[in-house]
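Comments concern the structure below.
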2 protein chains.
Amino acid sequence: MKIAIAQLNPTIGDLNGNANTILETAQTASEQGVQLLLTPELSLCGYPPRDLLLNPNFVAKMLQKLQQLARELPQNLTVLVGTVEPNPKAELQGQKPLFNSIALLNQGEIKRIFYKRLLPTYDVFDEHRYFTAGDESNYFILENEGHSLKIGVTICEDLWNDEEFWGRRSYQVNPIEDLARSQVDFIVNLSASPYSVSKQKLREAMLHHCVLRYKIPIIYTNQVGGNDELLFDGNSIAFNRNGALICRAKSFTTDLKIVEFNPEKRDYLPAEIVPLPHSEEAEIWSALVLGVRDYARKCGFSQVILGLSGGIDSALVAAIAAEAMGAKNVLGVLMPSPYSSDHSLIDAEALVNNLGINSQTIAIAAAMTAYDRLLDPLFTGTEFGVAEENIQSRIRGNLLMAIANKFNYLLLSTGNKSEMSVGYCTLYGDMNGGLAAIADVPKMQVFALCRWLNQEQEIIPQNIIIKPPSAELKPEQTDRDSLPPYEILDDILSQLIEKHQSIEEIVKSGGDRATVEKIARLVARAEFKRRQAPPGLKITDRAFGTGWRMPIASRVTD
Amino acid sequence: MKIAIAQLNPTIGDLNGNANTILETAQTASEQGVQLLLTPELSLCGYPPRDLLLNPNFVAKMLQKLQQLARELPQNLTVLVGTVEPNPKAELQGQKPLFNSIALLNQGEIKRIFYKRLLPTYDVFDEHRYFTAGDESNYFILENEGHSLKIGVTICEDLWNDEEFWGRRSYQVNPIEDLARSQVDFIVNLSASPYSVSKQKLREAMLHHCVLRYKIPIIYTNQVGGNDELLFDGNSIAFNRNGALICRAKSFTTDLKIVEFNPEKRDYLPAEIVPLPHSEEAEIWSALVLGVRDYARKCGFSQVILGLSGGIDSALVAAIAAEAMGAKNVLGVLMPSPYSSDHSLIDAEALVNNLGINSQTIAIAAAMTAYDRLLDPLFTGTEFGVAEENIQSRIRGNLLMAIANKFNYLLLSTGNKSEMSVGYCTLYGDMNGGLAAIADVPKMQVFALCRWLNQEQEIIPQNIIIKPPSAELKPEQTDRDSLPPYEILDDILSQLIEKHQSIEEIVKSGGDRATVEKIARLVARAEFKRRQAPPGLKITDRAFGTGWRMPIASRVTD
């Protein structure tokens, strides 16, 4: 029996577009003799739909669309579509109004609805906000050439509660265990599992463990694409009964893979295995390119703009943008001030040439002078400081937004995670943008990505990589004036933010107390800036944004 | 037996400060012969602590601080303190690691811990992200002059699931029903219940119903104060066994009220009832003043700055700021452009005089010219449009931030909810600010508040109220060029946003189809602006901000 994995890239809320894609994919699969088509979690509305689910009209339209889709799909194909289903007992039993569901469509009808049992409510996930957990084990019978196959159905998180693998439980039940007890022939998992660095290795280790533990083959179908800050890497996979990986779909792009289940052998036959990206840098690069491309496309932009300072952050974002949008659809704007070094302009121009993107140069001195004059009555007698530095950054931000507004560009902001952590960035200045392409990439990783990019030929001019980082907002400034070296900063930030360590713990593991205390203070103080930052593409397990919910007006001492 | 209601205003995360306040309040209460002191939900860390709870060090410090507090409190007093408690079975049973708890402190010890049973996970609430729901009915025995009093303990939401009152259940259990079955003498409820317009009437109706239904007196102790966007109105109350209100604490300020329970009568004796604000406008005014005052104070600012356009929104925010901070701590900046009308300057100056605030005037024409010249090579041949309008707004935003940065002011942004809904505001321009004081106040309500303010004397110059609203970003511009009249706009927005109505429903109830469709489109398109807006003080049941979680890159058709 042929099973197709439809690794789709839905647009959130676009019921018509997403349904059409499912329909087209189903027709392709049907022509190839497929009997069962798998689509990702919530494939009809895209994941995560967020508060669109609180709109009863949106939900009603989704139910209508599902019925229409059932009628239009090839009759001989069984299709599992991700959708929501109203909870009829919600008001009586005090439950949430919806189930996160999988609809089984066949012969023009909605034959069955399965409910997700484990609802993630942590990090970027808010499923308890919308859904009631299903309390039944989900499986169905498919007749195939005289064989009755019992197929277990799970939705994303349902797979993620193996207490043997994790060393702890995250939910009371383990749906896989229930399915094993029901002796299903194989399990399908329909996911929208967001990307983070090396997460695919974790998924494959987990599935491998699960298959060996329960001796049940599994197919995992993942969503792909960028939806605001969340990236979905695809990488759909299948493991056979012996725990061998027998199929892997592509990373970071849509795909349609076919896996054959042999009823006699009661197992999947070997299928295509697409290799994973060759390195962590290659993986992150593809993730960021997809994130920029999809955000622009799904927001209706065909061109992007960014400021080019001659520094490494904007150089990396320019390279990502050129790959995502095509070089001709990228405009880099050089905005030198009297504090800009000569090499900054030269480096930025070399970058423009290497990438083949468009560029404009606007010297901002005249605008600086205008502000200085306007503010002179108030500022006279004060010393040049952060206020004046920020003015420059905000002039640049204003110029970029003006061009973006005038010619309908998407502005990309270029700050990295290290800066965003300690607030070494200007709100309403260099933080401006519709999307923050590398906001979850620590500075040391920015360097690594640029070196990786240059492996075969110089894409990022070498001088951009080797010179000391500087905001160039006052004479002879370098980042080292305000911050510890990035290898130390990034290490402390990782301990503080991702590992939740206390100052004491970091000092104990070798951190300099004064440095650690200063950084912890800076991180807390920068919360007001992060609250107003654009969505930043998430590549780590703890990114700022929807998975980071910190109070601003607070007072926390370590 | 005397029971004290401590209506406290904690700072989020400030364990030392909050514990000290509890201690001082306890000493005052003890001196007045109080036997039982009630504090709000999570009174030790303040509500909502958000992701501070994900930091194990923060939780460890809270547990230590609770023990220290137990030792330091007056020995003869029983104190209920809001705190968190680790869930020892979390990893074994797949539960969340904490309970939202009440600690009973007495004689130097933590005698009991009670767990919250109903965990709100909707709107601004994320309690399933952090907490496991308690599954036991909570009560304790207090000996008082030979009487054993059985006292039921509930935490905030525990009170909000009366299916008779609401016509539906929101949770499976009703903790009040369980306490009634246990025949408690009275119930205490420790809350952090956020403010919205007229919510106190709803609370009092609900408590009245609850008391009559179960014949159990209730004391409800609420937090007060502003924590980022959330406002807590206090208004702690007690109802006796007959359903009569016998005590009400103040609105929008800390308070300590004493209620006496008479063991013979098995009921509360009459106590002080502070009247509610006289009008909806008076109530909203107090809420916004508290919100600005607390945000500034808790962030460490003593002075605020804002732009004064001569329009009604900035006039209202200036008046709020003057009340919140003291007029001498408010700086209004007039930034006329060549498109500003004469009356704008005159009106703004009249406002400055009426309020007695400080002001500065900075004409921005020179900066506009500077940008025009810089952008001329790119913009030549294009028509004046939104890009040029936004430049002006962003020049003003840049000037305000420069002054704020230089002299350590908190910048207040002045946009109203109607503008924020349809995106009639400039990102990085007039949206700039640490706090958006009236971002949840629809324009018609802005007018109503200003008229109310002027009841006794002219505070908002009359011309500001009667002239047609205009952004004054191009000659002869008025809001009516881009938007329907505000009475129509606000009505449609309320139906779309708060009532989740579809375009069809709004048209059916009398809306003009083209207008409704246009507004729905504008609301969806403005999501990217709202994502980068400062926190806005929440006064409605559906505010933008943490309770509004919409995708940006999406495509929703009605």
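Scheme for the structure tokens: letters A, B, ... for chains in order shown; per-chain residue numbers from 1; ligand numbers from 1 in order shown.
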Contacts of chain A with chain B up to 6 Å, shortest pair per row, only C-alpha atoms, as JSON lines:
```
{"residue": "A:Thr11", "atom": "CA", "partner": "B:Ser554", "partner_atom": "CA", "distance": 5.9}
{"residue": "A:Ile12", "atom": "CA", "partner": "B:Ser554", "partner_atom": "CA", "distance": 4.7}
{"residue": "A:Gly13", "atom": "CA", "partner": "B:Val556", "partner_atom": "CA", "distance": 5.1}
{"residue": "A:Asp14", "atom": "CA", "partner": "B:Arg555", "partner_atom": "CA", "distance": 5.0}
{"residue": "A:Arg50", "atom": "CA", "partner": "B:Met550", "partner_atom": "CA", "distance": 5.8}
{"residue": "A:Asp51", "atom": "CA", "partner": "B:Arg549", "partner_atom": "CA", "distance": 5.3}
{"residue": "A:Asn55", "atom": "CA", "partner": "B:His500", "partner_atom": "CA", "distance": 5.6}
{"residue": "A:Glu91", "atom": "CA", "partner": "B:Arg168", "partner_atom": "CA", "distance": 5.0}
{"residue": "A:Leu92", "atom": "CA", "partner": "B:Arg169", "partner_atom": "CA", "distance": 5.9}
{"residue": "A:Gln93", "atom": "CA", "partner": "B:Gln172", "partner_atom": "CA", "distance": 5.3}
{"residue": "A:Gly94", "atom": "CA", "partner": "B:Tyr171", "partner_atom": "CA", "distance": 3.8}
{"residue": "A:Gln95", "atom": "CA", "partner": "B:Tyr171", "partner_atom": "CA", "distance": 5.9}
{"residue": "A:Thr121", "atom": "CA", "partner": "B:Arg129", "partner_atom": "CA", "distance": 5.2}
{"residue": "A:Tyr122", "atom": "CA", "partner": "B:Arg129", "partner_atom": "CA", "distance": 5.3}
{"residue": "A:Arg129", "atom": "CA", "partner": "B:Thr121", "partner_atom": "CA", "distance": 5.2}
{"residue": "A:Arg168", "atom": "CA", "partner": "B:Glu91", "partner_atom": "CA", "distance": 5.0}
{"residue": "A:Arg169", "atom": "CA", "partner": "B:Gly94", "partner_atom": "CA", "distance": 4.2}
{"residue": "A:Ser170", "atom": "CA", "partner": "B:Gly94", "partner_atom": "CA", "distance": 3.8}
{"residue": "A:Tyr171", "atom": "CA", "partner": "B:Gly94", "partner_atom": "CA", "distance": 3.7}
{"residue": "A:Gln172", "atom": "CA", "partner": "B:Gly94", "partner_atom": "CA", "distance": 4.8}
{"residue": "A:Asp228", "atom": "CA", "partner": "B:Ala553", "partner_atom": "CA", "distance": 5.9}
{"residue": "A:Lys298", "atom": "CA", "partner": "B:Ala553", "partner_atom": "CA", "distance": 5.1}
{"residue": "A:Cys299", "atom": "CA", "partner": "B:Ala553", "partner_atom": "CA", "distance": 4.9}
{"residue": "A:Ala367", "atom": "CA", "partner": "B:Ala370", "partner_atom": "CA", "distance": 5.3}
{"residue": "A:Ala370", "atom": "CA", "partner": "B:Ala367", "partner_atom": "CA", "distance": 5.2}
{"residue": "A:Ala387", "atom": "CA", "partner": "B:Ala402", "partner_atom": "CA", "distance": 5.0}
{"residue": "A:Ala402", "atom": "CA", "partner": "B:Ala387", "partner_atom": "CA", "distance": 5.1}
{"residue": "A:Asn405", "atom": "CA", "partner": "B:Ala387", "partner_atom": "CA", "distance": 5.1}
{"residue": "A:Lys406", "atom": "CA", "partner": "B:Ala387", "partner_atom": "CA", "distance": 5.2}
{"residue": "A:Tyr428", "atom": "CA", "partner": "B:Tyr428", "partner_atom": "CA", "distance": 5.1}
{"residue": "A:His500", "atom": "CA", "partner": "B:Asn55", "partner_atom": "CA", "distance": 5.6}
{"residue": "A:Gln532", "atom": "CA", "partner": "B:Gln532", "partner_atom": "CA", "distance": 4.2}
{"residue": "A:Ala533", "atom": "CA", "partner": "B:Gln532", "partner_atom": "CA", "distance": 5.7}
{"residue": "A:Arg549", "atom": "CA", "partner": "B:Asp51", "partner_atom": "CA", "distance": 5.4}
{"residue": "A:Met550", "atom": "CA", "partner": "B:Asp51", "partner_atom": "CA", "distance": 5.4}
{"residue": "A:Ala553", "atom": "CA", "partner": "B:Cys299", "partner_atom": "CA", "distance": 4.9}
{"residue": "A:Ser554", "atom": "CA", "partner": "B:Ile12", "partner_atom": "CA", "distance": 4.7}
{"residue": "A:Arg555", "atom": "CA", "partner": "B:Asp14", "partner_atom": "CA", "distance": 5.0}
{"residue": "A:Val556", "atom": "CA", "partner": "B:Gly13", "partner_atom": "CA", "distance": 5.1}
```
So which bits of segment 318-474 of chain A end up strand (DSSP E or B) when you DSSP the backbone, as a list in words?
Val330, Leu331, Gly332, Val333, Leu334, Asn358, Ser359, Gln360, Thr361, Leu410, Leu411, Leu412, Ser413, Leu435 and Ala436 of chain A
- Item | Shell of 10 Å around Met325 of chain A, only C-alpha atoms, local chain residues under 2 positions omitted, as a list in words | Val289, Leu290, Val292, Arg293, Asp294, Ala296, Arg297, Phe301, Ser302, Gln303, Val304, Ile320, Ala321, Ala322, Glu323, Ala327, Lys328, Asn329 and Val330 of chain A
Inset, instruction - Using only C-alpha atoms, determine which residues lie at most 12 Å from Arg112 of chain A, disregarding the query and same-chain residues fewer than 5 positions distant; provide the list as JSON, numbers by chain. - result: {"A": [70, 78, 79, 80, 81, 83, 85, 101, 102, 103, 104, 105, 106, 138, 139, 140, 141, 153]}
Same residues, all heavy atoms, output as a compact mmCIF listing (two decimals), in the first residue's frame:
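result-v9.txt, written as the output of this step:
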```txt
# COMPACT_ATOMS: atom_id res chain seq x y z
N ALA A 70 -13.56 17.53 1.03
CA ALA A 70 -13.92 16.10 1.04
C ALA A 70 -14.62 15.72 -0.27
O ALA A 70 -14.34 14.68 -0.87
CB ALA A 70 -14.81 15.78 2.23
N THR A 78 -7.65 7.99 0.51
CA THR A 78 -7.95 8.37 1.89
C THR A 78 -6.98 9.48 2.26
O THR A 78 -5.76 9.32 2.14
CB THR A 78 -7.77 7.17 2.83
OG1 THR A 78 -8.73 6.17 2.47
CG2 THR A 78 -7.96 7.58 4.28
N VAL A 79 -7.52 10.61 2.69
CA VAL A 79 -6.67 11.77 2.99
C VAL A 79 -6.86 12.19 4.44
O VAL A 79 -7.99 12.32 4.91
CB VAL A 79 -7.00 12.96 2.06
CG1 VAL A 79 -6.06 14.12 2.32
CG2 VAL A 79 -6.95 12.53 0.60
N LEU A 80 -5.76 12.37 5.14
CA LEU A 80 -5.82 12.90 6.51
C LEU A 80 -5.48 14.39 6.44
O LEU A 80 -4.39 14.77 6.03
CB LEU A 80 -4.84 12.17 7.42
CG LEU A 80 -5.08 10.66 7.60
CD1 LEU A 80 -4.11 10.09 8.65
CD2 LEU A 80 -6.52 10.38 8.01
N VAL A 81 -6.44 15.22 6.86
CA VAL A 81 -6.29 16.68 6.78
C VAL A 81 -6.34 17.26 8.19
O VAL A 81 -7.22 16.90 8.98
CB VAL A 81 -7.39 17.30 5.90
CG1 VAL A 81 -7.37 18.82 5.99
CG2 VAL A 81 -7.24 16.84 4.46
N THR A 83 -7.27 19.92 10.85
CA THR A 83 -8.36 20.89 10.94
C THR A 83 -8.77 21.05 12.40
O THR A 83 -8.14 20.47 13.28
CB THR A 83 -9.55 20.42 10.07
OG1 THR A 83 -10.57 21.43 10.07
CG2 THR A 83 -10.14 19.12 10.59
N GLU A 85 -12.17 20.95 15.17
CA GLU A 85 -13.52 20.40 15.30
C GLU A 85 -14.12 20.99 16.57
O GLU A 85 -13.47 21.01 17.62
CB GLU A 85 -13.41 18.87 15.42
CG GLU A 85 -14.71 18.15 15.59
CD GLU A 85 -15.59 18.13 14.33
OE1 GLU A 85 -15.11 18.53 13.25
OE2 GLU A 85 -16.76 17.72 14.47
N SER A 101 -7.56 18.73 15.43
CA SER A 101 -8.08 17.47 14.89
C SER A 101 -7.44 17.06 13.57
O SER A 101 -6.82 17.86 12.87
CB SER A 101 -9.59 17.60 14.63
OG SER A 101 -10.26 17.98 15.80
N ILE A 102 -7.63 15.80 13.26
CA ILE A 102 -7.33 15.25 11.94
C ILE A 102 -8.63 14.68 11.39
O ILE A 102 -9.29 13.88 12.05
CB ILE A 102 -6.29 14.11 12.05
CG1 ILE A 102 -4.94 14.63 12.51
CG2 ILE A 102 -6.18 13.37 10.72
CD1 ILE A 102 -4.22 15.52 11.54
N ALA A 103 -8.98 15.14 10.20
CA ALA A 103 -10.18 14.60 9.54
C ALA A 103 -9.75 13.54 8.53
O ALA A 103 -8.80 13.76 7.78
CB ALA A 103 -10.93 15.72 8.83
N LEU A 104 -10.45 12.42 8.56
CA LEU A 104 -10.19 11.38 7.56
C LEU A 104 -11.22 11.54 6.46
O LEU A 104 -12.43 11.38 6.67
CB LEU A 104 -10.30 10.00 8.22
CG LEU A 104 -9.87 8.80 7.36
CD1 LEU A 104 -9.46 7.63 8.26
CD2 LEU A 104 -10.96 8.37 6.40
N LEU A 105 -10.75 11.92 5.28
CA LEU A 105 -11.63 12.17 4.15
C LEU A 105 -11.52 11.02 3.16
O LEU A 105 -10.41 10.59 2.82
CB LEU A 105 -11.25 13.49 3.45
CG LEU A 105 -11.11 14.72 4.36
CD1 LEU A 105 -10.84 15.97 3.51
CD2 LEU A 105 -12.34 14.91 5.21
N ASN A 106 -12.68 10.54 2.72
CA ASN A 106 -12.67 9.43 1.78
C ASN A 106 -14.04 9.35 1.11
O ASN A 106 -15.06 9.60 1.76
CB ASN A 106 -12.37 8.12 2.55
CG ASN A 106 -12.32 6.92 1.62
OD1 ASN A 106 -13.06 5.98 1.78
ND2 ASN A 106 -11.44 6.98 0.63
N ASN A 138 -6.49 6.93 18.97
CA ASN A 138 -6.97 7.18 17.61
C ASN A 138 -6.42 6.18 16.60
O ASN A 138 -5.21 6.14 16.38
CB ASN A 138 -6.54 8.58 17.17
CG ASN A 138 -7.17 9.68 18.00
OD1 ASN A 138 -8.37 9.67 18.23
ND2 ASN A 138 -6.36 10.62 18.47
N TYR A 139 -7.30 5.40 16.01
CA TYR A 139 -6.84 4.56 14.91
C TYR A 139 -8.01 4.28 13.97
O TYR A 139 -9.17 4.53 14.33
CB TYR A 139 -6.20 3.26 15.40
CG TYR A 139 -7.07 2.47 16.33
CD1 TYR A 139 -8.05 1.60 15.84
CD2 TYR A 139 -6.91 2.58 17.71
CE1 TYR A 139 -8.85 0.88 16.71
CE2 TYR A 139 -7.70 1.87 18.58
CZ TYR A 139 -8.68 1.01 18.06
OH TYR A 139 -9.48 0.31 18.92
N PHE A 140 -7.68 3.80 12.80
CA PHE A 140 -8.73 3.45 11.84
C PHE A 140 -8.26 2.23 11.04
O PHE A 140 -7.08 1.88 11.06
CB PHE A 140 -9.07 4.62 10.92
CG PHE A 140 -7.97 5.07 10.01
CD1 PHE A 140 -7.91 4.66 8.68
CD2 PHE A 140 -6.96 5.91 10.48
CE1 PHE A 140 -6.89 5.08 7.83
CE2 PHE A 140 -5.92 6.33 9.64
CZ PHE A 140 -5.90 5.92 8.32
N ILE A 141 -9.23 1.63 10.36
CA ILE A 141 -8.94 0.43 9.57
C ILE A 141 -8.96 0.81 8.09
O ILE A 141 -9.87 1.49 7.63
CB ILE A 141 -9.99 -0.67 9.81
CG1 ILE A 141 -10.17 -0.94 11.31
CG2 ILE A 141 -9.64 -1.94 9.02
CD1 ILE A 141 -8.99 -1.58 11.98
N VAL A 153 -3.27 6.98 14.58
CA VAL A 153 -3.15 8.39 14.20
C VAL A 153 -2.72 9.21 15.41
O VAL A 153 -3.36 9.16 16.46
CB VAL A 153 -4.50 8.94 13.67
CG1 VAL A 153 -4.37 10.41 13.30
CG2 VAL A 153 -4.96 8.12 12.48
```
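Reported to one decimal place, the separation of atom CA of Ala543 of chain A from atom CA of Leu118 of chain A is 22.9 Å.
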I'd like the neighbourhood of segment 444-451 of chain B as a ChimeraX atom specification, where a residue qualifies if any of its atoms comes within 10 Å (using only C-alpha atoms), though same-chain residues fewer than 4 positions away should be ignored.
/B:280-282,284-285,312-313,315-317,319,416-418,438,440,455-456,458-462,464-466,486-491
Could the residues in this selection be saved with N, CA and C atoms as a compact mmCIF listing (two decimals), in the first residue's frame?
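Writing the result to selection_33.txt gives the following:
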```
# COMPACT_ATOMS: atom_id res chain seq x y z
N GLU B 280 -18.44 56.13 34.47
CA GLU B 280 -17.51 55.32 33.69
C GLU B 280 -16.25 56.13 33.38
N GLU B 281 -16.43 57.40 33.06
CA GLU B 281 -15.28 58.25 32.73
C GLU B 281 -14.36 58.41 33.94
N ALA B 282 -14.97 58.62 35.12
CA ALA B 282 -14.15 58.77 36.33
C ALA B 282 -13.35 57.50 36.60
N ILE B 284 -12.41 55.13 34.30
CA ILE B 284 -11.34 54.95 33.30
C ILE B 284 -10.20 55.92 33.57
N TRP B 285 -10.55 57.13 33.91
CA TRP B 285 -9.53 58.15 34.23
C TRP B 285 -8.61 57.65 35.34
N ILE B 312 -6.61 65.98 20.25
CA ILE B 312 -7.29 65.56 21.47
C ILE B 312 -6.59 64.39 22.17
N ASP B 313 -5.95 63.50 21.38
CA ASP B 313 -5.31 62.34 22.01
C ASP B 313 -4.14 62.76 22.89
N ALA B 315 -3.65 65.63 24.10
CA ALA B 315 -4.17 66.46 25.19
C ALA B 315 -4.61 65.59 26.36
N LEU B 316 -5.33 64.52 26.05
CA LEU B 316 -5.80 63.63 27.11
C LEU B 316 -4.62 62.96 27.81
N VAL B 317 -3.65 62.50 27.03
CA VAL B 317 -2.50 61.83 27.64
C VAL B 317 -1.72 62.81 28.52
N ALA B 319 -2.96 65.30 30.16
CA ALA B 319 -3.73 65.49 31.39
C ALA B 319 -3.55 64.30 32.33
N ASN B 416 -4.78 56.32 20.12
CA ASN B 416 -5.97 55.70 20.71
C ASN B 416 -6.24 54.35 20.05
N LYS B 417 -7.25 53.64 20.57
CA LYS B 417 -7.51 52.28 20.08
C LYS B 417 -8.04 52.28 18.65
N SER B 418 -8.80 53.28 18.28
CA SER B 418 -9.34 53.33 16.92
C SER B 418 -8.19 53.39 15.91
N ILE B 438 -3.24 55.46 26.10
CA ILE B 438 -4.67 55.34 25.75
C ILE B 438 -4.87 54.40 24.55
N ASP B 440 -5.90 51.51 24.41
CA ASP B 440 -7.10 50.68 24.47
C ASP B 440 -8.37 51.53 24.66
N GLN B 455 -15.82 69.10 33.09
CA GLN B 455 -17.10 69.35 33.75
C GLN B 455 -17.09 70.62 34.59
N GLU B 456 -16.06 70.76 35.43
CA GLU B 456 -16.06 71.88 36.36
C GLU B 456 -15.28 73.08 35.85
N GLU B 458 -12.37 74.31 32.46
CA GLU B 458 -11.76 73.89 31.21
C GLU B 458 -10.34 73.40 31.46
N ILE B 459 -10.14 72.11 31.31
CA ILE B 459 -8.79 71.54 31.40
C ILE B 459 -8.28 71.28 29.99
N ILE B 460 -9.09 70.60 29.21
CA ILE B 460 -8.76 70.42 27.79
C ILE B 460 -9.39 71.59 27.05
N PRO B 461 -8.57 72.44 26.40
CA PRO B 461 -9.14 73.59 25.70
C PRO B 461 -10.28 73.16 24.76
N GLN B 462 -11.36 73.89 24.84
CA GLN B 462 -12.58 73.52 24.13
C GLN B 462 -12.34 73.31 22.64
N ILE B 464 -9.86 72.08 21.17
CA ILE B 464 -9.27 70.76 20.92
C ILE B 464 -10.37 69.71 20.80
N ILE B 465 -11.45 69.92 21.56
CA ILE B 465 -12.53 68.94 21.57
C ILE B 465 -13.44 69.10 20.35
N ILE B 466 -13.64 70.34 19.93
CA ILE B 466 -14.65 70.52 18.88
C ILE B 466 -14.10 70.50 17.46
N TYR B 486 -15.81 58.82 13.33
CA TYR B 486 -15.42 57.94 14.44
C TYR B 486 -16.59 57.22 15.10
N GLU B 487 -17.79 57.82 15.07
CA GLU B 487 -18.90 57.10 15.70
C GLU B 487 -19.23 55.83 14.91
N ILE B 488 -19.04 55.91 13.61
CA ILE B 488 -19.26 54.71 12.78
C ILE B 488 -18.09 53.76 12.90
N LEU B 489 -16.89 54.31 12.81
CA LEU B 489 -15.68 53.48 12.90
C LEU B 489 -15.64 52.70 14.21
N ASP B 490 -15.86 53.40 15.33
CA ASP B 490 -15.75 52.74 16.63
C ASP B 490 -16.80 51.65 16.79
N ASP B 491 -17.96 51.90 16.22
CA ASP B 491 -19.03 50.91 16.30
C ASP B 491 -18.64 49.64 15.53
```
The distance between atom CA of Gly82 of chain B and atom CA of Glu283 of chain B is 27.2 Å
Exercise. DSSP on the backbone: what in segment 352-501 of chain A comes out alpha helix (DSSP H), as number ranges by chain?
Worked result: A: 352-355, 365-379, 386-407, 417-422, 443-453, 462-466, 486-493
With C-alpha atoms retained, write the just-selected residues as a CSV table (one decimal), in the first residue's frame.
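again-v2.csv was written with the following content:
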```csv
chain,number,residue,atom,x,y,z
A,352,VAL,CA,27.2,44.8,-2.9
A,353,ASN,CA,29.4,43.7,-5.7
A,354,ASN,CA,29.9,40.2,-4.4
A,355,LEU,CA,26.2,39.7,-4.0
A,365,ALA,CA,25.6,64.3,8.0
A,366,ALA,CA,23.1,66.9,6.9
A,367,ALA,CA,20.3,65.3,8.8
A,368,MET,CA,22.5,65.0,11.9
A,369,THR,CA,23.2,68.7,11.7
A,370,ALA,CA,19.5,69.4,11.3
A,371,TYR,CA,18.8,67.5,14.5
A,372,ASP,CA,21.7,69.0,16.4
A,373,ARG,CA,20.4,72.5,15.5
A,374,LEU,CA,16.9,71.7,16.5
A,375,LEU,CA,18.0,70.2,19.8
A,376,ASP,CA,20.7,72.7,20.6
A,377,PRO,CA,18.4,74.9,22.8
A,378,LEU,CA,17.8,71.8,25.0
A,379,PHE,CA,21.1,70.0,24.7
A,386,VAL,CA,23.8,57.8,23.9
A,387,ALA,CA,21.1,60.3,22.9
A,388,GLU,CA,23.3,61.6,20.1
A,389,GLU,CA,24.4,58.1,19.1
A,390,ASN,CA,20.7,57.0,18.8
A,391,ILE,CA,19.8,60.0,16.7
A,392,GLN,CA,22.2,58.7,14.0
A,393,SER,CA,20.7,55.2,14.1
A,394,ARG,CA,17.2,56.7,14.0
A,395,ILE,CA,18.0,58.9,11.0
A,396,ARG,CA,19.1,55.7,9.2
A,397,GLY,CA,16.0,53.9,10.4
A,398,ASN,CA,13.8,56.8,9.1
A,399,LEU,CA,15.5,56.9,5.7
A,400,LEU,CA,15.1,53.1,5.3
A,401,MET,CA,11.4,53.3,6.2
A,402,ALA,CA,10.9,56.2,3.9
A,403,ILE,CA,12.3,54.3,0.9
A,404,ALA,CA,10.4,51.1,2.0
A,405,ASN,CA,7.1,53.1,2.3
A,406,LYS,CA,7.7,54.8,-1.0
A,407,PHE,CA,8.6,51.8,-3.1
A,417,LYS,CA,20.8,37.8,19.3
A,418,SER,CA,23.8,39.0,21.4
A,419,GLU,CA,22.8,42.6,20.8
A,420,MET,CA,19.1,42.0,21.3
A,421,SER,CA,20.0,40.3,24.6
A,422,VAL,CA,21.9,43.2,26.1
A,443,LYS,CA,27.2,37.0,17.3
A,444,MET,CA,29.7,34.1,17.3
A,445,GLN,CA,27.3,32.1,15.1
A,446,VAL,CA,27.1,35.1,12.8
A,447,PHE,CA,30.9,34.9,12.3
A,448,ALA,CA,30.7,31.1,11.8
A,449,LEU,CA,27.9,31.5,9.2
A,450,CYS,CA,30.0,34.1,7.3
A,451,ARG,CA,33.1,32.0,7.3
A,452,TRP,CA,31.0,29.0,6.1
A,453,LEU,CA,29.5,31.2,3.3
A,462,GLN,CA,37.1,39.2,4.3
A,463,ASN,CA,37.7,42.5,6.0
A,464,ILE,CA,34.1,42.5,7.3
A,465,ILE,CA,34.9,39.3,9.1
A,466,ILE,CA,38.2,40.1,10.6
A,486,TYR,CA,31.7,38.1,22.1
A,487,GLU,CA,33.1,34.7,22.9
A,488,ILE,CA,32.6,35.5,26.6
A,489,LEU,CA,29.4,37.4,26.1
A,490,ASP,CA,27.7,34.7,24.1
A,491,ASP,CA,28.8,32.0,26.6
A,492,ILE,CA,27.3,34.0,29.5
A,493,LEU,CA,24.1,34.8,27.6
```
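For the pair atom CA of Leu42 of chain B and atom CA of Ala439 of chain B, the separation is 27.4 Å.
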Using only C-alpha atoms, the residue out of A:Thr39, A:Asn18, A:Ser470, A:Asn189 with shortest distance to Leu159 of chain A is A:Asn189
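Residues lying within 6 Å of segment 133-136 of chain B, counting only C-alpha atoms and ignoring same-chain neighbours fewer than 3 positions away, are Tyr115, Lys116 and Arg117 of chain B.
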Exercise for review: Please provide as a PyMOL selection string all residues within 9 Å of Ala318 of chain B, with the sequence filter that same-chain residues fewer than 6 positions apart are discarded (counting only C-alpha atoms).
Suggested key: chain B and resi 305-308+327+330-332+351-352+355+357+412+414
